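Engineer: Below is one structure. I have some questions about it.
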Amino acid sequence: MPYALKFLWGPLVDKYKIPILYKHFGLRRSWILLAQLCLGIGLIALGNSDPANNLILTVCLALFVGFSSAIQDIASEAYRIEIIPRAKVGAGASASVLGYRFGMLCSGAGTMTVAAVTGSWRIAYTCTALCILIGIITTLLSREPAINRPPKELTIWRTVRTFIRGRDWQIIIPFILSYKVSDTILNAMNMPFLVEIGFNKLEIAYVAKTFGISAMIFGGIAGGFLLLKQSLRQNLVTCVVLQGIAASLFIIQAQSGNNILTLFIVMGVENFACGMAQVALIAYMSQLCSLQSTAFHYAILSSFASFVRVIFSAIAGWLADRMGWSVFYGLVCLSCIPSLLILWFCVKHFAFGERRAIALVENATEGEY
């Protein structure tokens, strides 16, 4: 939920200057550094908590970690958008996805391995918290974006109004929602699907997790490369088609049952498509952000994507239970059609190659300042 509600924390990251830290590190780096310090402390405290005897404390600490993580996400994405030239937004999006996926490998498989070897969650969580030192050192060595911010502080309402005005919301909201449906449902239903058709935990760990995340990393690299070679709209079309193909492959897996070779193909295509799709979506949302209120604007857009994950993850299992896997994945495949139609009929909205969106963003904000 802290991620789904990022639009509430976005104005805070954009407007509030943290005492002492702001003077030495600037607006973006001070927020990133504060979030990283809170994450480290929160993880260590979480590892030392005892849910069997004090569940409320464990829940509160988990929420604190989630909130700190959401703040770091808002601040770091705002930093990325402001520090990287608009012409290289694809490379920045690709780097963002790569870092996120390597972090997943470290925090997921890494923490589980330490816990298994040492037999202690306290040690595992402490080791994970120490990994944040890499991020802290990076923050300290990085430079603050040189952004000319407005001379007077805007109220939150005026910031919202400048963002709403002049944008194609009748296109943006339906596109983000429909674009994320397939990817979200496939990720949410992977585990129950694979377990039900007969794969054991070891097969799932090696194929779906290790091989799958590796394929996702390569997908992120490919997505960044394609953004340098073709327009953002062409890249989004490619990603939607790949998502549809990935969903259709799950139908084949459902018919094949416990077939490890098919699983490798399905997981490879699905995760590769997911990596590419994430890069393209990050690039799309980044282009819609004004450099004057980057954190707030990106938080609003990414909250739409998180909203899809929260809602559709909750109902996906209910649907699969009543439809059967083949029909369910057929429906997921059809869910790609709305975003394809939007990309087909709304060409001007996605004409970022002509810098239409960038001009629109800057013009929409200049009127208020």
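Residues in the structure tokens are numbered from 1 in each chain, the chains being A, B, ... in the order shown, and ligands are numbered from 1 in the order shown.
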Got a sec to tell me which of region 144-317 of chain A DSSP assigns to alpha helix (DSSP H), as a PyMOL selection string?
Structural biologist: chain A and resi 156-164+169-196+201-203+212-229+232-256+260-287+294-317
Engineer: Could you pull the residues within 8 Å of Leu33 (chain A), counting only C-alpha atoms, minus those fewer than 3 positions along the same chain, as a list in words?
Structural biologist: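 Counting only the stated atoms, we get Arg29, Ser30, Gln36, Leu37, Ile136 and Thr139 of chain A.
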Engineer: May I have the selected residues written with C-alpha atoms, as an mmCIF file, in the first residue's frame?
Structural biologist:
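Saved result, selection_26.cif, follows:
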data_model
loop_
_atom_site.group_PDB
_atom_site.id
_atom_site.type_symbol
_atom_site.label_atom_id
_atom_site.label_comp_id
_atom_site.auth_asym_id
_atom_site.auth_seq_id
_atom_site.Cartn_x
_atom_site.Cartn_y
_atom_site.Cartn_z
ATOM 1 C CA ARG A 29 20.030 13.223 -2.477
ATOM 2 C CA SER A 30 18.943 14.233 1.023
ATOM 3 C CA GLN A 36 18.255 4.521 2.856
ATOM 4 C CA LEU A 37 19.162 5.137 6.506
ATOM 5 C CA ILE A 136 24.449 5.101 0.672
ATOM 6 C CA THR A 139 24.332 8.652 -2.940
#
Engineer: Under the rule that only C-alpha atoms are counted, which of A:Ser142, A:Leu301, A:Gln287, A:Ile245 is the nearest residue to Leu232 (chain A)?
Structural biologist: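 Of the candidates, the smallest distance to Leu232 (chain A) is held by A:Gln287.
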Engineer: Ranking A:Glu144, A:Gly324, A:Glu270, A:Ile137 by minimum distance to Lys23 (chain A) and counting only C-alpha atoms, which one comes first?
Structural biologist: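 For Lys23 (chain A), the nearest of the candidates is A:Glu144.
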Engineer: Would you please work out which residue, of A:Val269, A:Leu227, A:Met285, A:Cys336, is nearest to Gly244 (chain A) when using only C-alpha atoms?
Structural biologist: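 Nearest candidate to Gly244 (chain A) out of A:Val269, A:Leu227, A:Met285, A:Cys336: A:Cys336.
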